[in-house]
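Pasting work-v2.txt here (compact mmCIF, C-alpha atoms):
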# COMPACT_ATOMS: atom_id res chain seq x y z
CA MET N 1 0.00 0.00 0.00
CA THR N 2 1.31 3.45 -0.93
CA HIS N 3 2.25 5.64 2.02
CA LYS N 4 0.52 9.01 1.63
CA VAL N 5 2.32 12.17 2.75
CA LEU N 6 0.36 15.42 2.75
CA VAL N 7 2.26 18.70 2.99
CA LEU N 8 0.03 21.67 3.85
CA GLY N 9 1.43 25.00 2.70
CA ALA N 10 3.84 25.89 -0.10
CA GLY N 11 5.93 28.62 1.51
CA TYR N 12 9.61 28.57 2.40
CA ALA N 13 9.07 25.48 4.59
CA GLY N 14 6.43 23.37 2.84
CA LEU N 15 7.60 23.66 -0.74
CA VAL N 16 11.14 22.60 0.07
CA ALA N 17 9.95 19.82 2.39
CA ALA N 18 7.74 18.29 -0.31
CA LYS N 19 10.37 18.37 -3.05
CA ARG N 20 13.23 17.19 -0.86
CA LEU N 21 11.21 14.32 0.60
CA ALA N 22 10.12 13.13 -2.84
CA ARG N 23 13.77 12.92 -3.90
CA GLN N 24 14.60 10.53 -1.05
CA VAL N 25 11.82 7.96 -1.37
CA ARG N 26 10.47 5.74 -4.12
CA GLY N 27 7.48 7.14 -5.96
CA ASP N 28 5.83 3.73 -6.16
CA GLU N 29 5.93 3.46 -2.35
CA VAL N 30 5.40 7.03 -1.14
CA ALA N 31 2.98 9.55 -2.64
CA VAL N 32 3.80 13.16 -1.74
CA THR N 33 1.03 15.74 -2.20
CA LEU N 34 1.50 19.48 -1.69
CA VAL N 35 -1.59 21.54 -0.82
CA THR N 36 -1.53 25.33 -1.16
CA ALA N 37 -4.13 28.06 -1.24
CA PHE N 38 -2.02 30.08 -3.67
CA ALA N 39 -1.07 28.96 -7.17
CA ASP N 40 1.90 31.36 -7.26
CA PHE N 41 4.80 31.70 -4.87
CA VAL N 42 5.57 35.30 -3.89
CA GLU N 43 8.30 36.27 -1.44
CA ARG N 44 6.64 37.86 1.58
CA PRO N 45 9.83 39.81 2.44
CA ARG N 46 9.33 41.72 -0.83
CA LEU N 47 5.68 42.72 -0.40
CA HIS N 48 6.68 46.20 0.77
CA GLN N 49 8.35 46.64 -2.62
CA LEU N 50 5.13 45.67 -4.39
CA ALA N 51 3.21 48.12 -2.19
CA THR N 52 5.44 50.94 -3.41
CA GLY N 53 4.92 50.12 -7.08
CA GLN N 54 7.92 47.91 -7.77
CA ALA N 55 7.64 44.69 -9.72
CA ILE N 56 8.43 41.47 -7.86
CA GLU N 57 8.67 37.94 -9.14
CA ARG N 58 5.70 35.57 -9.05
CA VAL N 59 6.48 31.94 -9.86
CA PRO N 60 3.77 29.29 -10.29
CA VAL N 61 4.25 26.60 -7.68
CA ALA N 62 3.62 24.07 -10.45
CA LYS N 63 6.77 25.31 -12.18
CA TYR N 64 8.87 24.48 -9.14
CA LEU N 65 7.35 20.98 -9.10
CA ARG N 66 8.14 20.13 -12.71
CA ASN N 67 9.98 16.84 -13.19
CA THR N 68 9.11 15.71 -9.67
CA SER N 69 6.67 13.11 -8.37
CA VAL N 70 4.95 15.67 -6.10
CA GLU N 71 1.24 16.14 -6.78
CA LEU N 72 -0.04 19.72 -6.45
CA VAL N 73 -3.49 20.59 -5.10
CA VAL N 74 -4.45 24.28 -5.15
CA GLY N 75 -7.08 24.84 -2.49
CA SER N 76 -7.63 26.08 1.04
CA VAL N 77 -7.31 23.75 4.03
CA VAL N 78 -10.50 24.08 6.09
CA GLY N 79 -10.26 21.12 8.45
CA ILE N 80 -8.02 18.37 9.83
CA ASP N 81 -9.30 15.16 11.44
CA LEU N 82 -6.37 13.81 13.43
CA GLU N 83 -8.19 10.64 14.46
CA GLU N 84 -9.31 9.65 10.96
CA ARG N 85 -6.13 11.07 9.43
CA THR N 86 -7.88 13.17 6.82
CA VAL N 87 -7.62 16.78 5.64
CA THR N 88 -10.53 18.70 4.14
CA THR N 89 -9.60 21.10 1.35
CA VAL N 90 -11.64 23.33 -0.92
CA PRO N 91 -10.14 23.31 -4.41
CA ASP N 92 -12.26 24.92 -7.16
CA GLY N 93 -15.05 25.65 -4.69
CA GLU N 94 -15.75 21.99 -3.93
CA SER N 95 -14.92 20.21 -0.67
CA ARG N 96 -12.44 17.35 -0.94
CA LEU N 97 -11.44 14.83 1.73
CA MET N 98 -7.78 13.81 1.52
CA PRO N 99 -6.43 10.88 3.59
CA TYR N 100 -2.86 10.84 4.85
CA ASP N 101 -0.43 8.57 6.64
CA THR N 102 2.09 11.32 7.42
CA LEU N 103 1.10 14.97 7.68
CA VAL N 104 3.41 17.98 7.35
CA TYR N 105 1.75 21.14 8.65
CA ALA N 106 3.41 24.23 7.15
CA LEU N 107 0.63 26.83 7.00
CA GLY N 108 2.83 29.63 8.27
CA SER N 109 1.72 32.89 9.88
CA ASN N 110 0.29 36.26 8.98
CA ILE N 111 0.20 39.77 10.39
CA ASP N 112 -1.87 39.89 13.56
CA VAL N 113 -4.81 42.25 12.96
CA ALA N 114 -6.92 41.09 15.91
CA GLY N 115 -4.76 42.11 18.86
CA VAL N 116 -5.62 45.82 18.83
CA PRO N 117 -9.13 47.26 18.37
CA GLY N 118 -9.75 48.91 15.03
CA VAL N 119 -6.86 47.41 13.09
CA ALA N 120 -8.97 45.17 10.87
CA ALA N 121 -11.41 47.99 10.09
CA HIS N 122 -9.13 51.02 9.71
CA ALA N 123 -5.61 49.83 8.89
CA TRP N 124 -3.94 48.07 5.99
CA SER N 125 -1.57 45.13 6.30
CA LEU N 126 0.61 43.59 3.62
CA VAL N 127 -0.98 40.15 3.87
CA GLY N 128 -0.67 39.29 0.18
CA THR N 129 -0.26 40.62 -3.32
CA ASP N 130 -3.81 41.95 -3.58
CA ALA N 131 -3.46 43.97 -0.38
CA ALA N 132 -0.04 45.27 -1.45
CA ALA N 133 -1.45 46.40 -4.82
CA GLN N 134 -4.33 48.20 -3.11
CA VAL N 135 -1.93 49.95 -0.73
CA ASN N 136 0.11 51.10 -3.71
CA GLY N 137 -2.97 52.69 -5.27
CA ARG N 138 -3.72 54.51 -2.03
CA LEU N 139 -0.10 55.71 -1.70
CA GLN N 140 -0.15 57.09 -5.23
CA VAL N 141 -3.18 59.23 -4.41
CA LEU N 142 -1.84 60.39 -1.06
CA ALA N 143 1.53 61.34 -2.54
CA ARG N 144 -0.17 63.94 -4.71
CA GLN N 145 -1.91 65.27 -1.61
CA LYS N 146 1.25 65.23 0.53
CA GLY N 147 -0.60 63.01 2.98
CA GLN N 148 0.46 61.41 6.24
CA VAL N 149 1.21 57.70 6.63
CA ALA N 150 1.48 55.99 10.00
CA VAL N 151 3.41 52.70 10.10
CA CYS N 152 2.71 50.77 13.30
CA GLY N 153 5.35 48.30 14.49
CA GLY N 154 9.05 48.65 15.23
CA GLY N 155 10.09 45.16 14.12
CA LEU N 156 11.73 44.32 10.81
CA THR N 157 8.46 44.49 8.87
CA GLY N 158 7.58 47.95 10.13
CA ILE N 159 11.12 49.26 9.66
CA GLU N 160 11.27 48.06 6.07
CA ILE N 161 7.80 49.36 5.15
CA ALA N 162 8.50 52.81 6.60
CA ALA N 163 11.83 53.15 4.79
CA GLU N 164 10.48 51.88 1.47
CA VAL N 165 7.46 54.19 1.52
CA ALA N 166 9.53 57.21 2.50
CA GLU N 167 12.08 56.58 -0.25
CA CYS N 168 9.56 55.94 -3.01
CA PHE N 169 7.16 58.73 -1.98
CA PRO N 170 9.29 61.59 -0.60
CA ASP N 171 6.27 63.94 -0.54
CA LEU N 172 4.52 61.77 2.04
CA ARG N 173 4.98 62.38 5.76
CA VAL N 174 5.88 58.97 7.21
CA THR N 175 5.76 58.26 10.95
CA LEU N 176 6.90 54.96 12.46
CA VAL N 177 5.08 54.23 15.72
CA SER N 178 6.61 51.73 18.15
CA GLY N 179 6.48 51.11 21.87
CA ALA N 180 10.21 50.36 21.94
CA ARG N 181 12.99 51.88 19.88
CA PRO N 182 12.99 50.34 16.38
CA GLY N 183 15.92 47.99 15.99
CA ALA N 184 16.69 48.00 19.72
CA TRP N 185 18.05 44.44 19.41
CA LEU N 186 20.73 45.55 16.94
CA SER N 187 24.31 46.55 17.79
CA PRO N 188 25.01 50.21 18.63
CA LYS N 189 26.67 50.66 15.23
CA ALA N 190 23.64 49.25 13.42
CA GLN N 191 21.20 51.32 15.49
CA ALA N 192 23.15 54.48 14.66
CA TYR N 193 23.02 53.66 10.94
CA LEU N 194 19.30 52.98 11.13
CA ALA N 195 18.68 56.31 12.87
CA ARG N 196 20.75 58.20 10.27
CA THR N 197 18.91 56.50 7.42
CA PHE N 198 15.50 57.31 8.84
CA GLU N 199 16.58 60.92 9.26
CA ALA N 200 17.83 61.08 5.67
CA LEU N 201 14.57 59.60 4.38
CA GLY N 202 12.46 61.94 6.49
CA VAL N 203 10.89 59.19 8.63
CA THR N 204 9.66 60.45 12.00
CA VAL N 205 10.00 57.84 14.77
CA ARG N 206 7.48 57.94 17.62
CA THR N 207 8.41 55.69 20.54
CA GLY N 208 7.47 55.29 24.19
CA ALA N 209 3.76 54.63 23.68
CA ARG N 210 1.78 51.74 22.24
CA VAL N 211 -1.22 51.90 19.98
CA GLN N 212 -4.33 51.38 22.08
CA GLU N 213 -6.85 51.70 19.26
CA VAL N 214 -6.89 52.45 15.53
CA ARG N 215 -9.67 54.88 14.66
CA PRO N 216 -10.82 55.93 11.17
CA ASP N 217 -8.29 58.77 10.91
CA GLU N 218 -6.11 58.63 14.02
CA LEU N 219 -4.17 56.39 16.37
CA ALA N 220 -5.09 56.46 20.05
CA LEU N 221 -1.92 55.85 22.06
CA ASP N 222 -1.80 54.49 25.60
CA ASP N 223 -0.23 57.68 26.91
CA GLY N 224 -3.34 59.62 25.90
CA ASP N 225 -1.83 61.15 22.77
CA ARG N 226 -3.51 61.08 19.34
CA LEU N 227 -1.69 60.69 16.04
CA PRO N 228 -3.64 61.59 12.88
CA PHE N 229 -3.10 59.74 9.61
CA ASP N 230 -4.42 59.46 6.07
CA LEU N 231 -3.24 55.86 5.77
CA CYS N 232 -2.30 53.42 8.54
CA LEU N 233 -0.05 50.48 7.68
CA TRP N 234 -0.09 47.83 10.41
CA ALA N 235 2.99 45.71 11.12
CA GLY N 236 2.37 44.89 14.76
CA GLY N 237 3.61 41.30 14.88
CA PHE N 238 2.65 37.92 13.43
CA ARG N 239 0.26 35.20 14.51
CA VAL N 240 -0.42 31.70 13.20
CA PRO N 241 -3.90 30.50 12.18
CA PRO N 242 -5.90 28.67 14.89
CA LEU N 243 -6.32 25.54 12.75
CA ALA N 244 -3.68 23.53 14.63
CA ARG N 245 -5.37 24.23 17.97
CA VAL N 246 -8.89 23.71 16.61
CA SER N 247 -7.83 20.38 15.12
CA GLY N 248 -6.54 19.13 18.48
CA LEU N 249 -2.77 19.48 18.21
CA ALA N 250 -0.96 20.50 21.38
CA VAL N 251 -0.12 24.19 20.99
CA THR N 252 1.30 27.15 22.88
CA GLY N 253 -0.77 30.09 24.04
CA GLN N 254 -0.01 31.67 20.67
CA ASP N 255 -1.35 28.60 18.78
CA ARG N 256 2.06 27.40 17.59
CA ALA N 257 2.19 23.59 17.62
CA LEU N 258 4.44 21.98 20.22
CA VAL N 259 7.00 19.68 18.59
CA ASP N 260 9.93 17.59 19.75
CA GLY N 261 13.51 17.67 18.53
CA THR N 262 12.52 15.94 15.30
CA LEU N 263 9.76 18.45 14.49
CA GLU N 264 7.05 15.89 15.26
CA SER N 265 3.96 16.91 17.22
CA VAL N 266 4.26 16.02 20.90
CA SER N 267 0.60 15.01 20.93
CA HIS N 268 0.12 13.26 17.57
CA PRO N 269 2.75 10.91 16.09
CA GLY N 270 3.02 11.12 12.33
CA VAL N 271 2.23 14.84 12.27
CA TYR N 272 5.19 17.14 11.66
CA VAL N 273 4.96 20.91 12.02
CA ILE N 274 7.47 23.26 10.41
CA GLY N 275 8.01 26.96 9.77
CA ASP N 276 6.23 29.66 11.73
CA ALA N 277 3.47 27.26 12.81
CA ALA N 278 5.91 25.27 15.00
CA ALA N 279 7.15 26.06 18.50
CA VAL N 280 10.61 24.48 18.31
CA ALA N 281 12.46 24.58 21.62
CA GLY N 282 16.24 24.55 21.80
CA ALA N 283 19.31 26.54 22.75
CA TRP N 284 17.64 29.60 21.21
CA GLY N 285 14.77 29.46 23.74
CA SER N 286 11.24 28.08 23.88
CA GLU N 287 10.55 28.71 20.18
CA LEU N 288 12.13 30.08 17.04
CA ALA N 289 11.37 33.60 15.85
CA MET N 290 8.89 33.75 12.98
CA GLY N 291 10.14 34.52 9.49
CA CYS N 292 11.33 32.95 6.26
CA ARG N 293 14.53 31.86 7.98
CA THR N 294 12.54 29.49 10.23
CA GLY N 295 10.97 27.82 7.22
CA GLY N 296 14.26 27.71 5.39
CA PHE N 297 15.85 25.71 8.19
CA SER N 298 12.96 23.48 9.26
CA GLY N 299 11.64 22.49 5.82
CA PRO N 300 14.71 20.57 4.60
CA MET N 301 15.24 19.02 8.04
CA ALA N 302 11.66 17.74 8.20
CA ALA N 303 12.07 16.06 4.81
CA ASP N 304 15.25 14.32 5.93
CA ILE N 305 13.69 13.24 9.25
CA ILE N 306 10.58 11.78 7.60
CA ALA N 307 12.59 10.04 4.89
CA ALA N 308 14.85 8.50 7.53
CA ARG N 309 11.95 7.17 9.59
CA LEU N 310 10.11 5.80 6.58
CA THR N 311 13.20 3.92 5.45
CA GLY N 312 14.25 2.55 8.83
CA ARG N 313 17.04 4.95 9.73
CA GLU N 314 17.59 7.04 12.83
CA PRO N 315 16.92 10.70 12.04
CA ARG N 316 19.10 13.59 13.09
CA ARG N 317 17.54 16.01 15.50
CA PHE N 318 16.76 19.54 14.38
CA ARG N 319 19.66 21.99 14.57
CA TYR N 320 19.54 25.70 14.02
CA ARG N 321 22.16 28.39 13.55
CA TYR N 322 21.39 31.83 12.21
CA ILE N 323 24.28 34.12 11.27
CA HIS N 324 22.72 37.41 10.20
CA GLU N 325 19.76 39.77 10.22
CA CYS N 326 19.00 41.30 6.81
CA VAL N 327 17.18 44.65 6.71
CA SER N 328 16.33 46.62 3.57
CA LEU N 329 15.84 50.35 4.03
CA GLY N 330 14.61 51.21 0.57
CA ARG N 331 16.63 50.42 -2.54
CA ARG N 332 19.69 52.55 -1.71
CA HIS N 333 20.18 51.70 1.95
CA GLY N 334 20.44 48.34 3.63
CA LEU N 335 21.71 46.87 6.87
CA ILE N 336 23.16 43.43 7.59
CA GLN N 337 23.64 42.68 11.27
CA PHE N 338 25.92 39.70 11.80
CA LEU N 339 25.14 37.52 14.81
CA ASN N 340 26.93 35.39 17.37
CA ALA N 341 25.92 31.78 17.99
CA ASP N 342 23.43 32.89 20.65
CA GLU N 343 22.00 35.41 18.13
CA SER N 344 23.35 38.39 20.04
CA PRO N 345 24.61 41.08 17.64
CA LYS N 346 28.25 41.24 16.63
CA PRO N 347 29.85 44.67 16.27
CA VAL N 348 30.27 43.86 12.56
CA VAL N 349 27.67 45.24 10.13
CA LEU N 350 27.33 45.75 6.39
CA THR N 351 25.49 48.83 5.15
CA GLY N 352 24.39 50.71 2.04
CA ARG N 353 23.93 49.23 -1.42
CA LYS N 354 26.25 46.33 -0.58
CA ALA N 355 23.79 45.32 2.15
CA ILE N 356 20.91 45.43 -0.35
CA ALA N 357 22.89 43.17 -2.69
CA TYR N 358 23.66 40.84 0.23
CA LYS N 359 19.99 40.57 1.18
CA ASN N 360 18.94 39.95 -2.42
CA ALA N 361 21.51 37.17 -2.66
CA THR N 362 20.21 35.66 0.59
CA LEU N 363 16.59 35.64 -0.66
CA ASN N 364 17.66 34.25 -4.02
CA GLY N 365 19.61 31.57 -2.19
CA ALA N 366 16.47 30.55 -0.33
CA LYS N 367 14.62 30.22 -3.62
CA THR N 368 17.43 28.07 -4.98
CA LEU N 369 16.24 25.39 -2.54
CA PHE N 370 12.93 25.34 -4.41
CA ARG N 371 14.74 24.34 -7.60
CA HIS N 372 17.46 22.20 -6.03
CA PRO N 373 16.19 20.99 -2.62
CA GLY N 374 18.97 18.50 -2.07
CA PRO N 375 21.54 16.29 -3.80
CA ALA N 376 20.15 13.87 -6.34
CA LEU N 377 20.15 10.36 -4.90
CA VAL N 378 21.50 7.52 -7.00
CA ARG N 379 19.46 4.94 -5.09
CA ARG N 380 16.27 5.69 -3.20
CA ARG N 381 15.70 3.52 -0.17
CA HIS N 382 12.71 1.21 0.23
CA LEU N 383 10.10 1.68 2.91
CA THR N 384 10.41 -0.51 5.96
CA ALA N 385 7.61 -2.60 7.41
CA GLN N 386 7.64 -0.33 10.45
CA ALA N 387 6.65 2.69 8.35
CA GLY N 388 2.96 1.92 8.58
CA ARG N 389 0.00 4.22 8.98
CA THR N 390 0.53 4.85 12.68
CA HIS N 391 4.30 4.38 12.96
CA ALA N 392 3.54 1.48 15.27
CA GLY N 393 6.34 0.27 17.47
CA ARG N 394 8.48 3.37 17.05
CA ALA N 395 9.61 4.97 20.29
CA GLN N 396 9.07 8.68 20.40
CA ALA N 397 12.20 10.80 20.09

Let me see the file written as structure tokens.
Amino acid sequence: MTHKVLVLGAGYAGLVAAKRLARQVRGDEVAVTLVTAFADFVERPRLHQLATGQAIERVPVAKYLRNTSVELVVGSVVGIDLEERTVTTVPDGESRLMPYDTLVYALGSNIDVAGVPGVAAHAWSLVGTDAAAQVNGRLQVLARQKGQVAVCGGGLTGIEIAAEVAECFPDLRVTLVSGARPGAWLSPKAQAYLARTFEALGVTVRTGARVQEVRPDELALDDGDRLPFDLCLWAGGFRVPPLARVSGLAVTGQDRALVDGTLESVSHPGVYVIGDAAAVAGAWGSELAMGCRTGGFSGPMAADIIAARLTGREPRRFRYRYIHECVSLGRRHGLIQFLNADESPKPVVLTGRKAIAYKNATLNGAKTLFRHPGPALVRRRHLTAQAGRTHAGRAQA
């Protein structure tokens, strides 16, 4: 009987996991299916470029899967039955029940618009290409009116949006609102460069107060102040969908699935969770930070772990080492913060156009995994008898 592997999500984690796994097992023994709600892959770290009118690459997921045994299903995942081992999807408007033996959950995260009152109704978030295109239309109009844009969030997303908007639309008045100083985790040298760049771009930074409510034309801050705007762009953190929790997987208070050192759910054997949806504990703390880097590390490892278990080998445990933080500040300014093993900042940074080139190379390198997810194997291993539907007899790692 063919062992069915379902991979949910075709982002930085899921797409690589599906392709890499298929290269390590025999197609007549293991069927790998990739389910995605989006037919095209678009780099989320470049959506702020799209929002400012720049062209970014869109690649059909099917193109990345050419000459592989991976089956592609374009449709939204609306339910998971962990007892029956089925996933309900909605491709082409019709419900479809898909059985699995091994499940890889890689549905990622999105900008949290529910944590602060008024965000969903009165602010824009770069949650996809359609939203980015609509923001661009609004920015074009406001630029002619010399309008005011408030960017909420002092993390990487907010920093990059504020810089990109200010550079592309110098007639706009851009204010970055953050409770803490933007880039406070960076080295002093990097923070100084960030401050100089914001000043050169005309970005006003408002710190020391958090947004309490987003109103139709103003931000209400928790210190009692009011900040008017013509357009509010929200970048106040990420959150994963509640599907993992609703389905019955053990999760954290933020709905990230709890996994062991092999990325397998601690509550449901045979279910692996990767990317932003997973709470992976280790030397870095209780869970990895969200972002494409998390998917880029966990996707290939999950494929290797599953392939090892299906073919009777002992898998390696997940390891993680991040060496840099890449920040674009428009198209002329960039910042690369190099990191120690514990992810504390080194005093070494790269800035300017060289940093932009470095970041572009890093993102292109991540996409290279989509085309070449691992070394071609001369001989694919056979499944073992122990690789049944429930992984019976296997001790948990």

>> Ranking N:Ala341, N:Val135, N:Ile356, N:Ile274 by minimum distance to Ala10 of chain N and counting only C-alpha atoms, which one comes first?
In response: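 Distance minimum relative to Ala10 of chain N lands on N:Ile274.
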
Write out as a tab-separated table a residue-level contact list of segment 191-283 of chain N versus segment 111-116 of chain N with cut-off 9 Å: for each qualifying residue the closest pair of atoms and the distance in Å to one decimal, counting only C-alpha atoms, rows sorted by chain and residue number upward.
residue	atom	partner	partner_atom	distance
N:Val211	CA	N:Val116	CA	7.6
N:Gln212	CA	N:Val116	CA	6.6
N:Glu213	CA	N:Val116	CA	6.0
N:Val214	CA	N:Val116	CA	7.5
N:Trp234	CA	N:Val113	CA	7.7
N:Ala235	CA	N:Ile111	CA	6.6
N:Gly236	CA	N:Asp112	CA	6.7
N:Gly237	CA	N:Asp112	CA	5.8
N:Phe238	CA	N:Ile111	CA	4.3
N:Arg239	CA	N:Asp112	CA	5.2
N:Val240	CA	N:Asp112	CA	8.3

Fewer than 4 positions away in the same chain doesn't count, so skip those; otherwise give me all residues within 7 Å of segment 303-311 of chain N, counting all atoms listed in the file, as a list in words. Ala17, Arg20, Leu21, Gln24, Val25, Thr262, Gly299, Pro315, Arg316, Arg381, His382, Leu383, Thr384 and Ala387 of chain N

(Q) What's around Met98 of chain N at 9 Å? Count all atoms listed in the file, leave out sequence neighbours fewer than 6 positions away in its own chain, and write the answer as a VMD selection string. (A) chain N and resid 6 85 to 89

Shortest contact to Asp217 of chain N, candidates N:Asn360, N:Ser265, N:Val149, N:Arg58, atoms counted all atoms listed in the file, goes to N:Val149

### Message
Please compute the atom CA of Leu65 of chain N-atom CA of Ala361 of chain N distance, one decimal, in Å.
### Response
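Here the two named atoms are 22.5 Å from each other.
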
Under the rule of at most 8 Å, produce a per-residue listing of segment 136-238 of chain N near segment 36-49 of chain N: chain, number, name, the closest pair of atoms, and the distance in Å, as JSON lines, using only C-alpha atoms.
{"residue": "N:Glu160", "atom": "CA", "partner": "N:His48", "partner_atom": "CA", "distance": 7.3}
{"residue": "N:Ile161", "atom": "CA", "partner": "N:His48", "partner_atom": "CA", "distance": 5.5}
{"residue": "N:Glu164", "atom": "CA", "partner": "N:His48", "partner_atom": "CA", "distance": 6.9}

Go ahead and write the residues just picked, C-alpha atoms, as a compact mmCIF listing (two decimals), in the frame of the given file.
# COMPACT_ATOMS: atom_id res chain seq x y z
CA GLU N 160 11.27 48.06 6.07
CA ILE N 161 7.80 49.36 5.15
CA GLU N 164 10.48 51.88 1.47

Do a neighbour search on Thr204 of chain N at 9 Å with all atoms listed in the file, toss out local chain neighbours closer than 3 positions, and write the hits as a PyMOL selection string.
chain N and resi 173-177+198-199

Counting all atoms listed in the file, the option among N:Lys63, N:Arg138, N:Asp276, N:Val35 closest to Val90 of chain N
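With all atoms listed in the file as the atom set, the closest residue is N:Val35.
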
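Distance check against Ala150 of chain N using all atoms listed in the file: of N:Arg206, N:Arg196, N:Arg181, N:His3, the minimum falls on N:Arg206.
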
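As for atom CA of Val271 of chain N and atom CA of Val78 of chain N, they are spaced 16.9 Å apart.
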
| field | Length of the atom CA of Arg256 of chain N to atom CA of Leu339 of chain N vector [Å] | value |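 Spanning atom CA of Arg256 of chain N to atom CA of Leu339 of chain N is a straight-line distance of 25.4 Å.
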
Among N:Leu172, N:Ala132, N:Gly53, N:Val205, Gly153 of chain N is approached most closely, using all atoms listed in the file, by N:Val205

Kindly complete segment 88-102 of chain N to N, CA, C and O atoms; the output should be written as a short mmCIF file (atom, residue, chain, number, x, y, z; two decimals), in the frame of the given file.
data_model
loop_
_atom_site.label_atom_id
_atom_site.label_comp_id
_atom_site.auth_asym_id
_atom_site.auth_seq_id
_atom_site.Cartn_x
_atom_site.Cartn_y
_atom_site.Cartn_z
N THR N 88 -9.50 18.18 5.03
CA THR N 88 -10.53 18.70 4.14
C THR N 88 -10.01 19.96 3.46
O THR N 88 -9.60 20.91 4.12
N THR N 89 -10.03 19.95 2.13
CA THR N 89 -9.60 21.10 1.35
C THR N 89 -10.76 21.56 0.47
O THR N 89 -11.73 20.84 0.26
N VAL N 90 -10.62 22.78 -0.03
CA VAL N 90 -11.64 23.33 -0.92
C VAL N 90 -10.96 23.81 -2.20
O VAL N 90 -10.69 25.00 -2.37
N PRO N 91 -10.65 22.90 -3.10
CA PRO N 91 -10.14 23.31 -4.41
C PRO N 91 -11.31 23.54 -5.37
O PRO N 91 -12.27 22.78 -5.39
N ASP N 92 -11.23 24.62 -6.15
CA ASP N 92 -12.26 24.92 -7.16
C ASP N 92 -13.66 25.01 -6.55
O ASP N 92 -14.65 24.65 -7.20
N GLY N 93 -13.75 25.44 -5.29
CA GLY N 93 -15.05 25.65 -4.69
C GLY N 93 -15.76 24.41 -4.20
O GLY N 93 -16.86 24.48 -3.67
N GLU N 94 -15.13 23.24 -4.36
CA GLU N 94 -15.75 21.99 -3.93
C GLU N 94 -14.92 21.34 -2.83
O GLU N 94 -13.70 21.27 -2.91
N SER N 95 -15.60 20.84 -1.79
CA SER N 95 -14.92 20.21 -0.67
C SER N 95 -14.32 18.87 -1.09
O SER N 95 -14.95 18.10 -1.82
N ARG N 96 -13.12 18.61 -0.61
CA ARG N 96 -12.44 17.35 -0.94
C ARG N 96 -11.80 16.79 0.32
O ARG N 96 -11.13 17.52 1.06
N LEU N 97 -12.00 15.51 0.56
CA LEU N 97 -11.44 14.83 1.73
C LEU N 97 -10.19 14.08 1.28
O LEU N 97 -10.25 13.22 0.40
N MET N 98 -9.05 14.40 1.92
CA MET N 98 -7.78 13.81 1.52
C MET N 98 -7.18 13.02 2.68
O MET N 98 -6.84 13.59 3.72
N PRO N 99 -7.05 11.70 2.53
CA PRO N 99 -6.43 10.88 3.59
C PRO N 99 -4.92 11.02 3.59
O PRO N 99 -4.30 11.36 2.58
N TYR N 100 -4.32 10.80 4.75
CA TYR N 100 -2.86 10.84 4.85
C TYR N 100 -2.39 9.78 5.82
O TYR N 100 -3.13 9.32 6.71
N ASP N 101 -1.13 9.40 5.66
CA ASP N 101 -0.43 8.57 6.64
C ASP N 101 0.54 9.42 7.45
O ASP N 101 0.70 9.22 8.65
N THR N 102 1.21 10.35 6.77
CA THR N 102 2.09 11.32 7.42
C THR N 102 1.64 12.71 6.99
O THR N 102 1.40 12.95 5.80
#
